[in-house]
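> File entry_15.txt below, compact mmCIF, C-alpha atoms:
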# COMPACT_ATOMS: atom_id res chain seq x y z
CA MET A 250 -2.04 31.22 -10.65
CA PRO A 251 1.74 30.63 -10.62
CA ARG A 252 2.93 27.05 -10.53
CA GLN A 253 3.50 25.71 -7.02
CA PHE A 254 5.45 22.50 -7.75
CA ASP A 255 8.25 21.82 -10.21
CA LEU A 256 8.80 18.13 -9.37
CA ILE A 257 6.00 15.60 -8.95
CA ALA A 258 6.93 12.15 -7.61
CA PHE A 259 4.43 9.33 -8.06
CA ASP A 260 4.30 6.06 -6.23
CA TRP A 261 3.72 3.22 -8.72
CA ASP A 262 1.67 0.28 -7.44
CA GLY A 263 -1.82 1.30 -6.36
CA THR A 264 -1.31 4.91 -7.48
CA LEU A 265 -0.62 4.69 -11.21
CA TYR A 266 -0.72 0.92 -11.67
CA ASP A 267 -3.73 -1.25 -10.83
CA SER A 268 -1.82 -3.98 -9.01
CA THR A 269 -2.78 -3.84 -5.33
CA ALA A 270 -5.07 -6.88 -5.21
CA ILE A 271 -2.66 -9.11 -7.17
CA ILE A 272 0.34 -8.05 -5.04
CA ALA A 273 -1.59 -8.86 -1.85
CA ARG A 274 -2.54 -12.30 -3.18
CA CYS A 275 1.05 -13.01 -4.26
CA ILE A 276 2.29 -12.12 -0.76
CA GLN A 277 -0.28 -14.47 0.78
CA ARG A 278 0.68 -17.32 -1.55
CA ALA A 279 4.41 -16.83 -0.98
CA VAL A 280 3.97 -16.97 2.80
CA ALA A 281 1.87 -20.12 2.46
CA ASP A 282 4.54 -21.70 0.25
CA VAL A 283 7.19 -21.39 3.00
CA GLY A 284 4.87 -22.53 5.79
CA GLY A 285 4.23 -19.18 7.47
CA THR A 286 0.97 -17.87 8.89
CA VAL A 287 -0.85 -16.42 5.89
CA PRO A 288 -1.58 -12.72 6.41
CA THR A 289 -5.06 -11.34 5.87
CA ARG A 290 -5.72 -9.30 2.74
CA GLU A 291 -5.56 -6.14 4.86
CA GLN A 292 -2.22 -7.18 6.39
CA ALA A 293 -0.78 -8.05 2.98
CA SER A 294 -2.04 -4.77 1.48
CA TYR A 295 -0.55 -2.74 4.32
CA VAL A 296 3.05 -3.61 3.40
CA ILE A 297 2.70 -2.59 -0.26
CA GLY A 298 5.08 0.27 -0.96
CA MET A 299 7.88 -1.04 1.24
CA GLY A 300 10.94 -2.70 -0.28
CA LEU A 301 10.19 -6.33 -1.12
CA MET A 302 12.08 -8.08 1.68
CA GLN A 303 11.06 -5.48 4.25
CA ALA A 304 7.44 -5.98 3.17
CA LEU A 305 7.58 -9.77 3.25
CA ALA A 306 9.24 -9.80 6.69
CA HIS A 307 6.57 -7.47 8.04
CA ALA A 308 3.73 -9.52 6.52
CA ALA A 309 5.15 -12.85 7.77
CA PRO A 310 6.72 -12.23 11.20
CA ASP A 311 6.80 -15.95 12.04
CA VAL A 312 8.91 -16.86 8.98
CA PRO A 313 12.57 -17.19 10.07
CA PRO A 314 15.15 -14.96 8.33
CA GLU A 315 16.90 -17.94 6.76
CA LEU A 316 13.74 -18.53 4.69
CA TYR A 317 13.57 -14.94 3.38
CA PRO A 318 15.38 -15.76 0.11
CA ARG A 319 12.88 -18.56 -0.53
CA LEU A 320 10.00 -16.26 0.44
CA GLY A 321 11.22 -13.65 -2.03
CA GLU A 322 11.63 -16.25 -4.76
CA ARG A 323 8.07 -17.55 -4.25
CA TYR A 324 6.65 -14.01 -4.31
CA ARG A 325 8.42 -13.27 -7.59
CA HIS A 326 7.19 -16.60 -9.01
CA HIS A 327 3.56 -15.74 -8.29
CA TYR A 328 3.89 -12.11 -9.41
CA ILE A 329 5.50 -13.00 -12.75
CA ALA A 330 2.63 -15.41 -13.40
CA HIS A 331 0.17 -12.51 -13.12
CA GLN A 332 2.14 -9.50 -14.37
CA ASN A 333 0.42 -9.52 -17.75
CA ASP A 334 -2.92 -9.10 -15.95
CA LEU A 335 -1.85 -5.66 -14.70
CA SER A 336 -2.36 -2.27 -16.29
CA LEU A 337 -2.34 1.44 -15.63
CA PHE A 338 -5.48 2.79 -14.03
CA GLU A 339 -7.84 4.31 -16.59
CA GLY A 340 -7.06 7.99 -17.00
CA VAL A 341 -3.43 7.83 -15.89
CA LEU A 342 -1.89 8.46 -19.33
CA PRO A 343 -3.99 11.57 -20.09
CA MET A 344 -3.15 12.90 -16.61
CA LEU A 345 0.59 12.37 -17.14
CA ASP A 346 0.40 13.92 -20.62
CA ALA A 347 -1.35 17.00 -19.22
CA LEU A 348 1.30 17.46 -16.53
CA LYS A 349 4.10 16.87 -19.05
CA ALA A 350 2.65 19.60 -21.26
CA ARG A 351 3.03 22.03 -18.35
CA GLN A 352 6.78 21.28 -18.25
CA GLN A 353 6.60 19.73 -14.79
CA LEU A 354 9.22 17.12 -13.93
CA LEU A 355 7.56 13.72 -13.50
CA THR A 356 9.29 11.02 -11.47
CA VAL A 357 8.56 7.66 -9.83
CA ALA A 358 9.43 6.82 -6.21
CA THR A 359 8.52 3.19 -5.65
CA GLY A 360 9.01 0.16 -3.46
CA LYS A 361 9.44 -1.93 -6.63
CA SER A 362 12.83 -3.22 -7.71
CA ARG A 363 14.75 -1.46 -10.48
CA ARG A 364 14.29 -4.49 -12.70
CA GLY A 365 10.54 -4.58 -12.04
CA LEU A 366 10.03 -0.88 -12.70
CA ASP A 367 12.15 -0.90 -15.84
CA GLU A 368 10.10 -3.78 -17.24
CA VAL A 369 6.86 -1.79 -17.05
CA LEU A 370 8.46 1.47 -18.19
CA ARG A 371 9.57 -0.22 -21.43
CA SER A 372 5.99 -0.27 -22.68
CA VAL A 373 5.56 1.97 -25.72
CA GLU A 374 2.96 4.19 -24.00
CA LEU A 375 5.37 5.09 -21.18
CA VAL A 376 8.61 5.67 -23.07
CA GLY A 377 9.86 9.18 -22.32
CA VAL A 378 7.04 10.06 -19.90
CA PHE A 379 9.12 10.08 -16.70
CA ASP A 380 12.17 12.23 -16.16
CA GLY A 381 13.62 10.12 -13.35
CA SER A 382 12.91 7.36 -10.83
CA ARG A 383 14.13 5.67 -7.69
CA THR A 384 13.42 2.11 -6.51
CA ALA A 385 13.69 0.53 -3.08
CA ASP A 386 16.57 -1.77 -4.00
CA GLU A 387 18.86 1.07 -5.11
CA THR A 388 18.24 3.43 -2.19
CA ALA A 389 16.44 3.31 1.18
CA GLY A 390 12.87 1.97 1.27
CA LYS A 391 9.86 4.01 2.35
CA PRO A 392 9.16 5.81 4.62
CA ASP A 393 12.86 6.75 4.70
CA PRO A 394 13.05 10.05 2.75
CA LEU A 395 16.25 9.17 0.88
CA MET A 396 14.67 8.33 -2.49
CA LEU A 397 12.80 11.64 -2.53
CA ARG A 398 15.91 13.52 -1.46
CA GLU A 399 17.91 11.87 -4.24
CA LEU A 400 15.32 12.87 -6.84
CA MET A 401 15.25 16.45 -5.56
CA SER A 402 19.05 16.57 -5.67
CA GLU A 403 19.17 15.10 -9.17
CA PHE A 404 16.90 17.80 -10.56
CA GLY A 405 17.91 20.66 -8.26
CA VAL A 406 14.41 21.12 -6.84
CA PRO A 407 13.91 22.05 -3.16
CA PRO A 408 11.40 20.28 -0.88
CA GLU A 409 8.90 23.14 -0.98
CA ARG A 410 8.65 22.75 -4.79
CA THR A 411 8.22 18.95 -4.66
CA LEU A 412 4.96 16.98 -4.40
CA MET A 413 4.68 13.26 -3.55
CA ILE A 414 1.57 11.31 -4.59
CA GLY A 415 0.82 7.87 -3.18
CA ASP A 416 -1.74 5.38 -1.95
CA THR A 417 -0.13 4.38 1.36
CA THR A 418 0.86 5.91 4.67
CA HIS A 419 4.45 4.92 3.77
CA ASP A 420 4.32 7.34 0.81
CA LEU A 421 2.87 10.22 2.81
CA GLN A 422 5.22 9.64 5.75
CA MET A 423 8.19 9.67 3.35
CA ALA A 424 7.02 13.03 1.99
CA LEU A 425 6.65 14.39 5.51
CA ASN A 426 10.13 13.10 6.42
CA ALA A 427 11.56 14.81 3.33
CA GLY A 428 9.81 18.12 4.03
CA CYS A 429 7.61 17.78 0.93
CA ALA A 430 3.90 18.23 0.35
CA SER A 431 1.84 15.15 -0.45
CA VAL A 432 -1.43 14.00 -1.98
CA GLY A 433 -3.04 10.69 -1.08
CA VAL A 434 -5.20 8.49 -3.27
CA SER A 435 -7.89 6.33 -1.70
CA TYR A 436 -8.23 3.72 -4.47
CA GLY A 437 -4.99 1.82 -3.65
CA ALA A 438 -3.65 -0.25 -0.77
CA HIS A 439 -4.39 1.75 2.40
CA GLU A 440 -7.60 3.04 3.93
CA PRO A 441 -7.56 6.84 3.57
CA ASP A 442 -8.68 7.44 7.18
CA ALA A 443 -5.04 6.88 8.16
CA PHE A 444 -3.85 9.65 5.82
CA HIS A 445 -5.17 12.63 7.74
CA ALA A 446 -2.54 12.48 10.49
CA LEU A 447 0.11 12.87 7.75
CA ALA A 448 -1.36 16.16 6.50
CA PRO A 449 -1.76 15.57 2.74
CA ARG A 450 -2.85 18.57 0.70
CA HIS A 451 -5.67 16.49 -0.75
CA VAL A 452 -7.02 12.92 -0.89
CA ALA A 453 -8.27 11.93 -4.35
CA HIS A 454 -10.86 9.18 -4.73
CA SER A 455 -10.31 8.55 -8.44
CA VAL A 456 -7.72 9.21 -11.13
CA ARG A 457 -10.09 11.76 -12.67
CA GLU A 458 -10.30 13.65 -9.37
CA LEU A 459 -6.51 13.48 -9.00
CA HIS A 460 -6.06 14.81 -12.53
CA ASP A 461 -8.41 17.74 -11.94
CA TRP A 462 -6.82 18.62 -8.57
CA LEU A 463 -3.30 18.53 -9.98
CA ILE A 464 -4.17 20.81 -12.90
CA ALA A 465 -5.90 23.28 -10.58
CA ASN A 466 -3.43 23.22 -7.69
CA THR A 467 0.10 22.47 -8.86
What would the structure in this file look like if it were written as structure tokens?

Amino acid sequence: MPRQFDLIAFDWDGTLYDSTAIIARCIQRAVADVGGTVPTREQASYVIGMGLMQALAHAAPDVPPELYPRLGERYRHHYIAHQNDLSLFEGVLPMLDALKARQQLLTVATGKSRRGLDEVLRSVELVGVFDGSRTADETAGKPDPLMLRELMSEFGVPPERTLMIGDTTHDLQMALNAGCASVGVSYGAHEPDAFHALAPRHVAHSVRELHDWLIANT
């Protein structure tokens, strides 16, 4: 079967990187530190994938804007304390290697900061794996389609040849807004029941299932 997609864009946290639970706890602790109403785990998980300040403002609507810098500082404090506890989901590297061997362009479209993404991409196992990336602090945050459009423009790939993979409705809505196909994963931040309205090609319930679907369908 001829290849359907030339460019595959992956979300990072909750899709490739096993960080959802720690991010949610760091959001809760940061809100508590500035005296806001602490969001539930579900509320904190929902905002994962947005740009940091957009996410924190959404998770803590009673925190006044003048405290946002402090809120961001406290989040980063808690996250840095736990960043060495994080790792790629099991099976991610073999999946990326298999896609790379097919000459598909692999990119990252993430709500992380450029500094945060670059720190994890410096690990030896990830050097040279991704062809490009966009982060929320250097372009528009999800679900705005700008980061996907920039990646497509950079590599000269049209929307119909681009696939977005993510664990949140923000990821799938961004793909829809950009005119791209999407695949959802159910093992990250959002409950997959919400995905169906956004018409993903598939919802994978494990990295192994995602790997097998991508090899068979992209």
> In the coordinates of the file, take the point (11.9, 20.1, -0.9) and a cut-off of 8 Å; then, counting all atoms listed in the file, name each qualifying protein, DNA or RNA residue as a list in words.
Arg398, Met401, Val406, Pro407, Pro408, Glu409, Arg410, Thr411, Ala427, Gly428 and Cys429 of chain A
> Have a look at A:Gln253, A:Ser336, A:Thr384, A:Ser402 and name the one nearest to Ile271 of chain A; count only C-alpha atoms.
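Smallest distance to Ile271 of chain A is found for A:Ser336.
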> What's around Arg252 of chain A at 10 Å? Count only C-alpha atoms, leave out sequence neighbours fewer than 4 positions away in its own chain, and write the answer as a PDB file with C-alpha atoms, in the frame of the given file.

ATOM      1  CA  ARG A 351       3.030  22.030 -18.350  1.00  0.00           C
ATOM      2  CA  GLN A 353       6.600  19.730 -14.790  1.00  0.00           C
ATOM      3  CA  ARG A 410       8.650  22.750  -4.790  1.00  0.00           C
ATOM      4  CA  ILE A 464      -4.170  20.810 -12.900  1.00  0.00           C
ATOM      5  CA  ALA A 465      -5.900  23.280 -10.580  1.00  0.00           C
ATOM      6  CA  ASN A 466      -3.430  23.220  -7.690  1.00  0.00           C
ATOM      7  CA  THR A 467       0.100  22.470  -8.860  1.00  0.00           C
TER       8      THR A 467
END
> Which of these, A:Gly365, A:Pro251, A:Pro392, A:Gly415, has the shortest distance to Gln303 of chain A once you count all atoms listed in the file?
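Of A:Gly365, A:Pro251, A:Pro392, A:Gly415, the one nearest Gln303 of chain A, counting all atoms listed in the file, is A:Pro392.
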> Quick one: residues within 7 Å of segment 444-454 of chain A, all atoms listed in the file, excluding same-chain residues fewer than 6 positions away - as a list of chain:residue names?
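Final neighbour list, sorted by chain and number: A:Thr418, A:Leu421, A:Gln422, A:Ala430, A:Ser431, A:Val432, A:Gly433, A:Val434, A:Ser435, A:Tyr436.
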> When you draw a straight line from atom CA of Pro288 of chain A to atom CA of Arg274 of chain A, how long is it in Å?
9.6 Å
> To one decimal place, how far is atom CA of Arg457 of chain A from atom CA of Leu265 of chain A in Å?
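Taking atom CA of Arg457 of chain A as the start and atom CA of Leu265 of chain A as the end point, the length is 11.9 Å.
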> To one decimal place in Å, what is the distance between atom CA of Gly377 of chain A and atom CA of Leu342 of chain A?
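Going from atom CA of Gly377 of chain A over to atom CA of Leu342 of chain A covers 12.1 Å.
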> Only all heavy atoms, please: segment 280-292 of chain A from the block, as an mmCIF file, in the first residue's frame.

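See part.cif below for the written result:
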data_model
loop_
_atom_site.group_PDB
_atom_site.id
_atom_site.type_symbol
_atom_site.label_atom_id
_atom_site.label_comp_id
_atom_site.auth_asym_id
_atom_site.auth_seq_id
_atom_site.Cartn_x
_atom_site.Cartn_y
_atom_site.Cartn_z
ATOM 1 N N VAL A 280 -0.663 26.034 42.306
ATOM 2 C CA VAL A 280 -1.870 26.798 42.641
ATOM 3 C C VAL A 280 -1.989 26.939 44.151
ATOM 4 O O VAL A 280 -2.304 28.028 44.673
ATOM 5 C CB VAL A 280 -3.125 26.136 42.042
ATOM 6 C CG1 VAL A 280 -4.382 26.859 42.499
ATOM 7 C CG2 VAL A 280 -3.052 26.125 40.518
ATOM 8 N N ALA A 281 -1.717 25.871 44.877
ATOM 9 C CA ALA A 281 -1.762 25.936 46.342
ATOM 10 C C ALA A 281 -0.746 26.939 46.876
ATOM 11 O O ALA A 281 -1.029 27.688 47.820
ATOM 12 C CB ALA A 281 -1.504 24.547 46.934
ATOM 13 N N ASP A 282 0.427 26.984 46.262
ATOM 14 C CA ASP A 282 1.492 27.876 46.728
ATOM 15 C C ASP A 282 1.101 29.352 46.635
ATOM 16 O O ASP A 282 1.580 30.175 47.431
ATOM 17 C CB ASP A 282 2.767 27.656 45.911
ATOM 18 C CG ASP A 282 3.472 26.349 46.245
ATOM 19 O OD1 ASP A 282 3.091 25.705 47.239
ATOM 20 O OD2 ASP A 282 4.392 25.972 45.493
ATOM 21 N N VAL A 283 0.252 29.708 45.659
ATOM 22 C CA VAL A 283 -0.131 31.118 45.510
ATOM 23 C C VAL A 283 -1.510 31.395 46.109
ATOM 24 O O VAL A 283 -2.055 32.490 45.941
ATOM 25 C CB VAL A 283 -0.092 31.573 44.034
ATOM 26 C CG1 VAL A 283 1.312 31.415 43.465
ATOM 27 C CG2 VAL A 283 -1.114 30.832 43.191
ATOM 28 N N GLY A 284 -2.077 30.409 46.804
ATOM 29 C CA GLY A 284 -3.328 30.636 47.513
ATOM 30 C C GLY A 284 -4.588 30.467 46.695
ATOM 31 O O GLY A 284 -5.674 30.870 47.132
ATOM 32 N N GLY A 285 -4.495 29.847 45.514
ATOM 33 C CA GLY A 285 -5.679 29.624 44.700
ATOM 34 C C GLY A 285 -6.424 28.365 45.108
ATOM 35 O O GLY A 285 -5.935 27.564 45.919
ATOM 36 N N THR A 286 -7.605 28.181 44.546
ATOM 37 C CA THR A 286 -8.372 26.963 44.765
ATOM 38 C C THR A 286 -7.726 25.834 43.972
ATOM 39 O O THR A 286 -7.620 25.912 42.748
ATOM 40 C CB THR A 286 -9.830 27.135 44.300
ATOM 41 O OG1 THR A 286 -10.403 28.223 45.016
ATOM 42 C CG2 THR A 286 -10.636 25.880 44.544
ATOM 43 N N VAL A 287 -7.283 24.811 44.685
ATOM 44 C CA VAL A 287 -6.522 23.733 44.041
ATOM 45 C C VAL A 287 -7.436 22.936 43.108
ATOM 46 O O VAL A 287 -8.483 22.444 43.524
ATOM 47 C CB VAL A 287 -5.898 22.799 45.095
ATOM 48 C CG1 VAL A 287 -5.176 21.636 44.414
ATOM 49 C CG2 VAL A 287 -4.926 23.585 45.968
ATOM 50 N N PRO A 288 -7.070 22.815 41.836
ATOM 51 C CA PRO A 288 -7.902 22.056 40.903
ATOM 52 C C PRO A 288 -7.858 20.565 41.212
ATOM 53 O O PRO A 288 -6.900 20.064 41.813
ATOM 54 C CB PRO A 288 -7.262 22.346 39.542
ATOM 55 C CG PRO A 288 -5.834 22.660 39.855
ATOM 56 C CD PRO A 288 -5.848 23.357 41.191
ATOM 57 N N THR A 289 -8.905 19.861 40.804
ATOM 58 C CA THR A 289 -8.892 18.411 40.932
ATOM 59 C C THR A 289 -7.857 17.835 39.968
ATOM 60 O O THR A 289 -7.365 18.528 39.063
ATOM 61 C CB THR A 289 -10.259 17.817 40.587
ATOM 62 O OG1 THR A 289 -10.534 18.075 39.189
ATOM 63 C CG2 THR A 289 -11.369 18.426 41.443
ATOM 64 N N ARG A 290 -7.549 16.562 40.137
ATOM 65 C CA ARG A 290 -6.607 15.915 39.218
ATOM 66 C C ARG A 290 -7.137 15.970 37.777
ATOM 67 O O ARG A 290 -6.382 16.202 36.836
ATOM 68 C CB ARG A 290 -6.384 14.458 39.634
ATOM 69 C CG ARG A 290 -5.367 13.723 38.766
ATOM 70 C CD ARG A 290 -5.160 12.294 39.253
ATOM 71 N NE ARG A 290 -6.391 11.532 39.166
ATOM 72 C CZ ARG A 290 -6.849 10.957 38.030
ATOM 73 N NH1 ARG A 290 -6.179 11.105 36.909
ATOM 74 N NH2 ARG A 290 -7.965 10.256 38.036
ATOM 75 N N GLU A 291 -8.452 15.778 37.625
ATOM 76 C CA GLU A 291 -9.048 15.824 36.289
ATOM 77 C C GLU A 291 -8.932 17.220 35.684
ATOM 78 O O GLU A 291 -8.608 17.379 34.507
ATOM 79 C CB GLU A 291 -10.520 15.396 36.344
ATOM 80 C CG GLU A 291 -10.750 13.924 36.646
ATOM 81 C CD GLU A 291 -10.517 13.565 38.104
ATOM 82 O OE1 GLU A 291 -10.479 14.486 38.964
ATOM 83 O OE2 GLU A 291 -10.353 12.370 38.394
ATOM 84 N N GLN A 292 -9.179 18.260 36.514
ATOM 85 C CA GLN A 292 -9.072 19.631 36.022
ATOM 86 C C GLN A 292 -7.629 19.976 35.649
ATOM 87 O O GLN A 292 -7.376 20.633 34.638
ATOM 88 C CB GLN A 292 -9.589 20.600 37.079
ATOM 89 C CG GLN A 292 -11.097 20.542 37.281
ATOM 90 C CD GLN A 292 -11.554 21.281 38.523
ATOM 91 O OE1 GLN A 292 -10.791 21.456 39.487
ATOM 92 N NE2 GLN A 292 -12.797 21.745 38.520
#
